[in-house]
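Inspection log for the structure reproduced underneath, given as structure tokens.
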Amino acid sequence: METVLRGIAVSPGIAIGEVFVLDDQRRRIPRRLVPASQVPDEHRRLDAALAASISELMVIRERTGKELGDEAAKIFAFHVGMLADRTLTRPMHDQIDRELVTAEYAVFTGMTALAERFTSLGDAAFKTKVDDVHDLSARVLKHLIGEHTTKLASLKHRAIVLARDLTPSQAAAFNRSQVLGFVTDTGGRTGHTGIFARAMQIPAVVGCLNASVEAVEGTPVILDGDSGLVILDPEEKTLAKYHAWQERRRLFSVSLKELADLPCVTRDGMPIDLQGNIEFPEEIPNILSSGGHGVGLYRTEFLYLTRDSQPTEEDHFAAYSQCVKLLDGRPLTIRTMDLGADKYTQDQAENPERNPMLGCRSIRYCLQNQPMFKAQLRAILRAAALRPDTVRIMFPLVTTQDEFRRARFFLNDVMEDLREEGVPIDSGIKVGMMVEVPAAALCADAFAHQADFFSIGTNDLVQYTLAVDRTNELVAGMYNPASPAVVRLIAHTVRAGRDARIPVSCCGESAGELEYTMLLLGLGLRTLSASAASLPALKRLIRSVTIEQCEVVAEKAATFDSDVAVSSYLRDVTRKIIPEAFDGRAVDV
Ligand code: PEP
Ligand code: MG
């Protein structure tokens, strides 16, 4: 019987295939004893399994490096580092000697104890570490006892992977010619899994509650990454609708390719600057070929998230200069580390906060960790000197004017140091801020006298305005960028920027979603920055509307008193202009 499960769409596209349930890695290994004479064998087995796991991880690291870039690959260096760490493996050997147990039991208990230690700290910030430990445990056990964890290798073609959760290493290990998409029971829009899915351009749905439990292996399934649906055992007519939608989608994207070399202007001649959001420098060629004219948001915290040690100034410099080279004179906005909340360093993971979304994150964290901040700023200034006037610095989560002033003073000091050292820098570099906290939006007129530019981060602005955790699947239905409160804050920020004659852009996810484009242009935005996959359709829509039309839409949107009413109005007007992006969808959006 057809069953429709709802989750959160994190990577667009439709996949039609068969369910492949990736087992929960947390199985129990029974305690088995070995005769004392067999103990040396158990030590050898353990060492061999650790060595095999390490070489396997190195292969994955190399492949990920080629496909997604060095930064993405560093997570596997972290995994290798863990398995090579004697403080983790020595107690396993000790247990074999002491208790005469099998190597697999020693691995199981050692890894379980480590995971429990992380869990007992009771903070969401440790969740990723716990997943890493389970992932590593499963990998080593596979080399000791084979079976179940080799399941990924037994993937058939056209598999749609359903899992309770996926670690980045599992997601990256997928063979893209076999895995059509993936679904997880847990997660929110900004988790690692979604980011990997988008970078790999594989449709994905997360936060799908019990999907991996309800689904039966081998059952036909439709994954709708546009609407966040998973349809188990679909009826013939549902399948037919989705096949038709897939075909329309394909034709639509072919038609978008024709626009690649045409300017991004509205019908009445207003140029709109489309830029791309990136996490890794390797995404730049894709941004450019999708119609992006530069990078409007480089999320540099991924330099931290994909390794186990702090990046050095030279690591930062290598990444930024690679971007400058790839962009070849086009604009690059480097956002300083937005660490904390759901994106944390090793140090932060060791000291979890009770309420990290409201805690020491982003610019707050940087101002409290100045050596680390300094290394990044030095690298940005040096890379900017390679192509003056193209690089901008942007501070995230600025909430008070004092905070912005402190960050700017700190930057001035760093510039002074570099000048004294005789290091070339771009002295005229523009310094702006994300507007992603209601406090900043409400005081945008005051901030506009200090900042050289604003970029509106709707992802956080929505979260903080509506008090809805953007990563929590339980309140995902309340997360709405078209909420009248958010619209007013955007309008106020754009006006403040215009009055002070500073550029204002939008780089939150809504900048890439067609239903918000007319509203954003109508509110006065002229620069939008979004992921590569959303740029071609955005350009098509922009070329089909006039600014006057958009202004009417923005005025009308401001008259509604409910989020749902604004959303459906925006969808309806957009749909009239670009029906191909909506009509024929198997599920009405
Ligand atoms: C935002 O908050 O809108 C934003 C672009 O930043 P991030 O998603 O990285 O928090
Ligand atoms: Mg943000």
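How things are named: the first chain in the structure tokens is A, the next is B, and so on; residues count from 1 in each chain; ligands count from 1 in the order shown.
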
(request) Set the cut-off to 7 Å, count only C-alpha atoms and all ligand atoms, and list whatever residues fall near ligand 1 as number ranges by chain. (result) A: 190, 299, 338, 436, 456-461, 507-509

(message) Env of A:Asp572: 12 Å cut, atoms = only C-alpha atoms, seq-sep filter 6 positions within chain, self excluded. Answer as a PyMOL selection string.
(response) chain A and resi 514-516+518+553+557+565-566+578-579+581-583+588-589

Selection file, C-alpha atoms, as a compact mmCIF listing (two decimals), in the first residue's frame:
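Once written, out.txt looks like this:
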# COMPACT_ATOMS: atom_id res chain seq x y z
CA LEU A 514 11.89 30.97 -6.76
CA GLU A 515 8.84 31.84 -4.67
CA TYR A 516 10.76 34.57 -2.83
CA MET A 518 9.80 38.66 -6.74
CA VAL A 553 4.00 41.74 -5.26
CA ALA A 557 2.62 40.55 0.43
CA ALA A 565 -1.37 33.43 3.21
CA VAL A 566 1.84 35.23 2.16
CA ILE A 578 7.35 30.41 -14.55
CA PRO A 579 4.82 27.56 -14.66
CA ALA A 581 9.03 25.16 -12.39
CA PHE A 582 5.80 24.19 -10.62
CA ASP A 583 3.17 22.79 -12.95
CA ASP A 588 1.22 20.45 -5.43
CA VAL A 589 3.68 22.67 -3.59

(request) May I ask which of the residues A:Gly340, A:Pro30, A:Pro536, A:Pro352 is the closest one to ligand 2, counting only C-alpha atoms and all ligand atoms? (result) A:Gly340

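Across A:Ala467, A:Ala384, A:Ala440, A:Ala537, the tightest approach to A:Lys325 is made by A:Ala384 when counting only C-alpha atoms.
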
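You will find atom CA of A:Pro220 at 4.5 Å from atom CA of A:Glu18.
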
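If only C-alpha atoms and all ligand atoms are the atoms counted, then among A:Ala48, A:Met337, A:Ala496, A:Val423 the closest residue to ligand 2 is A:Met337.
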
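Residues in contact range of A:Leu88, defined as at most 10 Å between only C-alpha atoms, with sequence neighbours fewer than 5 positions away removed, read Met82, Leu83, His93, Val107, Gly110, Met111 and Leu114 of chain A.
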
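Minimum atom-to-atom distances from A:Leu141, A:Val101, A:Leu22, A:Leu136 to A:Val183 were compared using only C-alpha atoms, and the lowest value belongs to A:Leu22.
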
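Across the structure, atom CA of A:Ile490 and atom CA of A:Phe395 are spaced 18.0 Å apart.
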
All residues 12 Å or closer to A:Glu283, only C-alpha atoms, same chain fewer than 3 positions away omitted, as a short mmCIF file (atom, residue, chain, number, x, y, z; two decimals) with C-alpha atoms, in the first residue's frame:
data_model
loop_
_atom_site.label_atom_id
_atom_site.label_comp_id
_atom_site.auth_asym_id
_atom_site.auth_seq_id
_atom_site.Cartn_x
_atom_site.Cartn_y
_atom_site.Cartn_z
CA GLU A 67 35.29 14.81 -6.26
CA LEU A 68 34.57 17.40 -3.58
CA GLY A 69 37.94 18.97 -2.86
CA ASP A 70 40.57 18.77 -0.17
CA GLU A 71 38.48 20.39 2.51
CA ALA A 72 35.70 17.82 2.26
CA PHE A 196 27.08 16.87 1.16
CA ARG A 198 23.78 19.39 -2.37
CA ALA A 199 27.49 19.37 -3.18
CA MET A 200 27.04 15.90 -4.75
CA GLN A 201 23.81 17.02 -6.45
CA GLY A 276 26.96 31.81 -5.62
CA ASN A 277 27.20 30.40 -2.10
CA ILE A 278 30.08 27.99 -1.54
CA GLU A 279 31.52 25.84 1.22
CA PHE A 280 34.57 24.65 -0.73
CA ASN A 286 30.04 25.09 -11.05
CA ILE A 287 28.87 28.50 -9.80
CA LEU A 288 30.34 30.18 -12.89
CA SER A 289 28.90 27.69 -15.36
CA SER A 290 25.49 28.00 -13.69
CA GLY A 292 26.88 33.09 -11.08
CA GLY A 294 31.11 35.66 -8.36
CA VAL A 295 30.80 34.31 -4.84
CA LEU A 297 29.01 33.91 0.45
CA TYR A 298 31.99 31.71 1.17
CA ARG A 299 31.23 29.76 4.37
CA ALA A 319 41.90 28.17 0.20
CA GLN A 322 42.54 29.30 -4.82
CA CYS A 323 39.16 31.10 -4.86
CA LEU A 326 39.34 30.57 -9.93
CA LEU A 327 37.23 33.72 -9.89
CA SER A 531 23.79 27.61 -4.36
CA ALA A 532 24.88 26.72 -7.91
CA ALA A 533 21.88 24.45 -8.51
#

(request) Determine which residues of stretch 191-225 of chain A receive a DSSP assignment of alpha helix (DSSP H), computed from the backbone, and state them as number ranges by chain. (result) A: 192-200, 211-214

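Reported to one decimal place, the separation of atom CA of A:Leu229 from atom CA of A:Ser544 is 29.5 Å.
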
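Shortest separation to ligand 2 among A:Val431, A:Leu519, A:Leu339, A:Ala491 occurs at residue A:Leu339, atoms counted being only C-alpha atoms and all ligand atoms.
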
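In this comparison, which uses only C-alpha atoms and all ligand atoms, the residue of A:Arg250, A:Arg408, A:Arg335, A:His43 approaching ligand 2 most closely is A:Arg335.
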
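By chain and then residue number, the residues within 12 Å of A:Tyr242 are Gly13, Ile14, Ala15, Ile16, Gly17, Val221, Ile222, Leu223, Asp224, Gly225, Asp226, Ser227, Leu229, Val230, Ile231, Pro234, Glu235, Glu236, Arg248, Arg249, Asp583, Gly584, Arg585, Ala586, Val587 and Asp588 of chain A, counting only C-alpha atoms and disregarding those fewer than 6 positions away in sequence.
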
(request) Name the residues in contact with A:Thr527 at a cut-off of 7 Å, using only C-alpha atoms, excluding same-chain residues fewer than 6 positions from it; report them as JSON, numbers by chain. (result) {"A": [272, 273, 274, 505, 506]}

(request) Compile the contact shell of A:Ser55 as a ChimeraX atom specification: residues with an atom at most 12 Å away, counting only C-alpha atoms, same-chain residues fewer than 4 positions apart removed. (result) /A:48-51,59-62,76-77,79-81,83-84,139-140,143

Selected residues written out, all heavy atoms, as a CSV table (one decimal), in the first residue's frame:
chain,number,residue,atom,x,y,z
A,48,ALA,N,45.4,-5.9,12.3
A,48,ALA,CA,45.1,-6.0,10.9
A,48,ALA,C,43.8,-5.2,10.5
A,48,ALA,O,43.7,-4.5,9.5
A,48,ALA,CB,45.0,-7.4,10.5
A,49,ALA,N,42.8,-5.4,11.4
A,49,ALA,CA,41.5,-4.7,11.1
A,49,ALA,C,41.7,-3.2,11.1
A,49,ALA,O,41.1,-2.4,10.3
A,49,ALA,CB,40.4,-5.1,12.1
A,50,LEU,N,42.5,-2.7,12.1
A,50,LEU,CA,42.7,-1.2,12.2
A,50,LEU,C,43.4,-0.8,11.0
A,50,LEU,O,43.1,0.3,10.4
A,50,LEU,CB,43.5,-0.9,13.5
A,50,LEU,CG,42.8,-1.1,14.8
A,50,LEU,CD1,43.7,-1.0,16.0
A,50,LEU,CD2,41.6,-0.1,14.9
A,51,ALA,N,44.5,-1.5,10.6
A,51,ALA,CA,45.3,-1.1,9.4
A,51,ALA,C,44.4,-1.1,8.1
A,51,ALA,O,44.5,-0.2,7.3
A,51,ALA,CB,46.5,-2.1,9.2
A,59,VAL,N,41.7,5.7,1.0
A,59,VAL,CA,41.1,5.6,-0.4
A,59,VAL,C,39.9,6.6,-0.5
A,59,VAL,O,39.8,7.3,-1.5
A,59,VAL,CB,40.8,4.2,-0.8
A,59,VAL,CG1,40.0,4.2,-2.1
A,59,VAL,CG2,42.0,3.3,-0.8
A,60,ILE,N,39.0,6.5,0.5
A,60,ILE,CA,37.8,7.3,0.4
A,60,ILE,C,38.3,8.8,0.5
A,60,ILE,O,37.7,9.7,-0.2
A,60,ILE,CB,36.9,7.0,1.6
A,60,ILE,CG1,36.4,5.6,1.6
A,60,ILE,CG2,35.7,8.0,1.6
A,60,ILE,CD1,35.5,5.2,2.7
A,61,ARG,N,39.3,9.0,1.3
A,61,ARG,CA,39.7,10.4,1.4
A,61,ARG,C,40.2,10.9,0.1
A,61,ARG,O,39.9,12.0,-0.3
A,61,ARG,CB,40.9,10.5,2.5
A,61,ARG,CG,41.4,11.9,2.6
A,61,ARG,CD,42.4,12.0,3.7
A,61,ARG,NE,43.7,11.3,3.4
A,61,ARG,CZ,44.7,11.2,4.1
A,61,ARG,NH1,44.7,11.8,5.3
A,61,ARG,NH2,45.8,10.5,3.8
A,62,GLU,N,41.0,10.1,-0.6
A,62,GLU,CA,41.5,10.5,-1.9
A,62,GLU,C,40.4,10.7,-2.9
A,62,GLU,O,40.4,11.8,-3.6
A,62,GLU,CB,42.5,9.5,-2.4
A,62,GLU,CG,43.4,10.0,-3.5
A,62,GLU,CD,44.4,9.0,-3.9
A,62,GLU,OE1,45.0,8.3,-3.1
A,62,GLU,OE2,44.5,8.9,-5.2
A,76,PHE,N,38.0,12.7,6.6
A,76,PHE,CA,38.5,11.3,6.6
A,76,PHE,C,39.9,11.2,7.2
A,76,PHE,O,40.3,10.2,7.8
A,76,PHE,CB,38.5,10.7,5.2
A,76,PHE,CG,37.1,10.7,4.7
A,76,PHE,CD1,36.6,11.5,3.7
A,76,PHE,CD2,36.1,9.8,5.3
A,76,PHE,CE1,35.3,11.6,3.3
A,76,PHE,CE2,34.8,9.9,4.9
A,76,PHE,CZ,34.4,10.7,3.9
A,77,ALA,N,40.6,12.4,7.1
A,77,ALA,CA,41.9,12.4,7.8
A,77,ALA,C,41.7,12.4,9.3
A,77,ALA,O,42.4,11.7,10.0
A,77,ALA,CB,42.6,13.7,7.4
A,79,HIS,N,39.2,10.8,10.7
A,79,HIS,CA,38.9,9.4,11.1
A,79,HIS,C,40.1,8.6,11.1
A,79,HIS,O,40.3,7.8,12.0
A,79,HIS,CB,37.9,8.8,10.0
A,79,HIS,CG,36.5,9.3,10.2
A,79,HIS,ND1,35.4,8.7,9.6
A,79,HIS,CD2,36.0,10.3,10.9
A,79,HIS,CE1,34.3,9.3,9.9
A,79,HIS,NE2,34.6,10.3,10.8
A,80,VAL,N,41.0,8.8,10.2
A,80,VAL,CA,42.3,8.0,10.2
A,80,VAL,C,43.0,8.3,11.5
A,80,VAL,O,43.5,7.4,12.2
A,80,VAL,CB,43.1,8.4,8.9
A,80,VAL,CG1,44.6,7.9,9.1
A,80,VAL,CG2,42.5,7.9,7.7
A,81,GLY,N,43.1,9.6,11.8
A,81,GLY,CA,43.8,10.1,13.0
A,81,GLY,C,43.2,9.4,14.3
A,81,GLY,O,43.9,8.9,15.2
A,83,LEU,N,41.6,6.4,14.4
A,83,LEU,CA,42.0,5.0,14.5
A,83,LEU,C,43.5,4.8,14.7
A,83,LEU,O,43.9,3.7,15.2
A,83,LEU,CB,41.6,4.3,13.1
A,83,LEU,CG,40.1,4.1,12.9
A,83,LEU,CD1,39.9,3.2,11.7
A,83,LEU,CD2,39.5,3.4,14.1
A,84,ALA,N,44.3,5.8,14.4
A,84,ALA,CA,45.7,5.6,14.6
A,84,ALA,C,46.1,6.1,16.0
A,84,ALA,O,47.3,5.9,16.4
A,84,ALA,CB,46.5,6.4,13.6
A,139,ARG,N,33.2,0.2,10.8
A,139,ARG,CA,34.2,-0.1,9.8
A,139,ARG,C,35.2,-1.1,10.3
A,139,ARG,O,35.6,-2.0,9.5
A,139,ARG,CB,34.9,1.3,9.4
A,139,ARG,CG,35.8,1.2,8.2
A,139,ARG,CD,36.4,2.6,7.9
A,139,ARG,NE,35.4,3.5,7.5
A,139,ARG,CZ,34.8,3.6,6.3
A,139,ARG,NH1,35.0,2.6,5.4
A,139,ARG,NH2,33.9,4.5,6.0
A,140,VAL,N,35.7,-1.0,11.5
A,140,VAL,CA,36.7,-1.9,12.0
A,140,VAL,C,36.0,-3.3,12.2
A,140,VAL,O,36.6,-4.3,11.8
A,140,VAL,CB,37.3,-1.4,13.4
A,140,VAL,CG1,38.3,-2.4,13.9
A,140,VAL,CG2,37.9,0.0,13.2
A,143,HIS,N,36.0,-5.4,9.1
A,143,HIS,CA,37.2,-6.1,8.8
A,143,HIS,C,37.5,-7.3,9.7
A,143,HIS,O,38.2,-8.2,9.4
A,143,HIS,CB,38.4,-5.1,8.8
A,143,HIS,CG,38.3,-4.2,7.7
A,143,HIS,ND1,38.6,-4.5,6.4
A,143,HIS,CD2,38.0,-2.9,7.6
A,143,HIS,CE1,38.4,-3.5,5.6
A,143,HIS,NE2,38.0,-2.5,6.3
